[in-house]
file protein11.pdb (PDB, C-alpha atoms, pLDDT in the B column)
ATOM      1  CA  MET A   1       0.000   0.000   0.000  1.00 53.00           C
ATOM      2  CA  THR A   2       1.375   3.391  -0.956  1.00 61.00           C
ATOM      3  CA  LEU A   3       0.361   6.485   0.968  1.00 57.00           C
ATOM      4  CA  LEU A   4      -0.245   9.632  -0.997  1.00 61.00           C
ATOM      5  CA  ARG A   5      -0.076  13.087   0.523  1.00 59.00           C
ATOM      6  CA  ASP A   6      -3.875  13.322   0.341  1.00 62.00           C
ATOM      7  CA  ASP A   7      -4.166  10.077   2.359  1.00 63.00           C
ATOM      8  CA  VAL A   8      -2.099  11.308   5.332  1.00 59.00           C
ATOM      9  CA  PRO A   9      -4.107  12.788   8.206  1.00 67.00           C
ATOM     10  CA  GLN A  10      -3.604  16.521   8.775  1.00 72.00           C
ATOM     11  CA  GLY A  11      -0.691  17.283  11.109  1.00 77.00           C
ATOM     12  CA  LEU A  12       1.004  13.966  10.390  1.00 80.00           C
ATOM     13  CA  THR A  13       3.963  13.869   8.051  1.00 88.00           C
ATOM     14  CA  LEU A  14       5.504  10.886   6.336  1.00 89.00           C
ATOM     15  CA  VAL A  15       8.852  11.774   7.920  1.00 92.00           C
ATOM     16  CA  GLY A  16       7.226  11.882  11.348  1.00 92.00           C
ATOM     17  CA  LEU A  17       5.508   8.579  10.726  1.00 92.00           C
ATOM     18  CA  ARG A  18       8.819   6.976   9.707  1.00 95.00           C
ATOM     19  CA  GLN A  19      10.591   8.372  12.771  1.00 95.00           C
ATOM     20  CA  ASP A  20       7.831   7.033  14.997  1.00 95.00           C
ATOM     21  CA  ARG A  21       8.119   3.598  13.402  1.00 96.00           C
ATOM     22  CA  ILE A  22      11.898   3.546  13.889  1.00 97.00           C
ATOM     23  CA  LEU A  23      11.549   4.629  17.516  1.00 97.00           C
ATOM     24  CA  ASN A  24       8.930   1.936  18.110  1.00 96.00           C
ATOM     25  CA  GLU A  25      11.238  -0.705  16.651  1.00 97.00           C
ATOM     26  CA  ALA A  26      14.121   0.588  18.796  1.00 97.00           C
ATOM     27  CA  ALA A  27      11.931   0.282  21.880  1.00 96.00           C
ATOM     28  CA  GLU A  28      11.090  -3.317  20.981  1.00 96.00           C
ATOM     29  CA  THR A  29      14.517  -4.610  19.996  1.00 93.00           C
ATOM     30  CA  ALA A  30      17.209  -2.178  21.231  1.00 91.00           C
ATOM     31  CA  ASP A  31      19.337  -3.555  18.383  1.00 94.00           C
ATOM     32  CA  PRO A  32      21.036  -0.814  16.346  1.00 95.00           C
ATOM     33  CA  LEU A  33      22.164  -3.262  13.667  1.00 97.00           C
ATOM     34  CA  ARG A  34      18.581  -4.364  13.101  1.00 97.00           C
ATOM     35  CA  LEU A  35      17.501  -0.729  12.763  1.00 97.00           C
ATOM     36  CA  MET A  36      20.282  -0.065  10.266  1.00 97.00           C
ATOM     37  CA  ARG A  37      19.283  -3.040   8.124  1.00 98.00           C
ATOM     38  CA  LEU A  38      15.536  -2.558   8.392  1.00 97.00           C
ATOM     39  CA  PHE A  39      15.393   1.192   7.809  1.00 97.00           C
ATOM     40  CA  GLY A  40      18.640   1.870   5.943  1.00 97.00           C
ATOM     41  CA  ILE A  41      19.886   4.368   8.506  1.00 98.00           C
ATOM     42  CA  THR A  42      23.427   5.122   9.645  1.00 97.00           C
ATOM     43  CA  GLU A  43      25.074   3.761  12.769  1.00 96.00           C
ATOM     44  CA  LYS A  44      24.859   7.184  14.400  1.00 96.00           C
ATOM     45  CA  ALA A  45      21.134   7.455  13.685  1.00 97.00           C
ATOM     46  CA  ALA A  46      20.492   3.911  14.927  1.00 97.00           C
ATOM     47  CA  MET A  47      22.321   4.610  18.186  1.00 94.00           C
ATOM     48  CA  HIS A  48      20.356   7.840  18.593  1.00 95.00           C
ATOM     49  CA  TYR A  49      17.079   5.910  18.397  1.00 96.00           C
ATOM     50  CA  VAL A  50      18.291   3.196  20.778  1.00 95.00           C
ATOM     51  CA  THR A  51      19.523   5.712  23.368  1.00 92.00           C
ATOM     52  CA  THR A  52      16.249   7.625  23.083  1.00 94.00           C
ATOM     53  CA  ALA A  53      14.188   4.470  23.517  1.00 94.00           C
ATOM     54  CA  HIS A  54      16.360   3.023  26.317  1.00 91.00           C
ATOM     55  CA  PRO A  55      18.129   5.804  28.232  1.00 88.00           C
ATOM     56  CA  GLU A  56      18.573   3.521  31.251  1.00 84.00           C
ATOM     57  CA  ARG A  57      20.631   1.040  29.231  1.00 78.00           C
ATOM     58  CA  THR A  58      22.892   3.565  27.570  1.00 67.00           C
ATOM     59  CA  ALA A  59      23.467   6.136  30.324  1.00 64.00           C
ATOM     60  CA  LYS A  60      26.961   4.783  31.061  1.00 66.00           C
ATOM     61  CA  LEU A  61      28.160   4.574  27.444  1.00 59.00           C
ATOM     62  CA  PRO A  62      30.777   7.123  26.368  1.00 62.00           C
ATOM     63  CA  LYS A  63      29.438   9.832  24.090  1.00 59.00           C
TER      64      LYS A  63
END

call {"tool": "encode", "arguments": {"input": "protein11.pdb", "output": "structure tokens"}}
result
Amino acid sequence: MTLLRDDVPQGLTLVGLRQDRILNEAAETADPLRLMRLFGITEKAAMHYVTTAHPERTAKLPK
């Protein structure tokens, strides 16, 4: 199914929807490699989503 701009509810963007989906996946798996493969994002972006979804797990990692 392909979403067209006319099909997207007002106030919701396709970029926002994608970001929400990535964040949801990060919350479920906490696996940056999976995020990179599934969504085609960089290592830095994947780690950003994982640290956002699981701040308690990544608080002690060097930045």

call {"tool": "closest_residue", "arguments": {"input": "protein11.pdb", "among": "A:Ala53, A:Ile41, A:Met47, A:Val15", "to": "A:Glu28", "atoms": "all atoms listed in the file"}}
result
A:Ala53

call {"tool": "atom_distance", "arguments": {"input": "protein11.pdb", "atom1": "atom CA of A:Glu25", "atom2": "atom CA of A:Leu38"}}
result
9.5 Å

call {"tool": "residues_around", "arguments": {"input": "protein11.pdb", "residues": "A:Lys44", "least_positions_apart": "3", "cutoff": "12 Å", "atoms": "all atoms listed in the file", "output": "list in words"}}
result
Pro32, Leu33, Leu35, Met36, Gly40, Ile41, Met47, His48, Tyr49, Val50, Thr51 and Lys63 of chain A

call {"tool": "atom_distance", "arguments": {"input": "protein11.pdb", "atom1": "atom CA of A:Gln19", "atom2": "atom CA of A:Glu56"}}
result
20.7 Å

call {"tool": "atom_distance", "arguments": {"input": "protein11.pdb", "atom1": "atom CA of A:Thr42", "atom2": "atom CA of A:Leu23"}}
result
14.3 Å
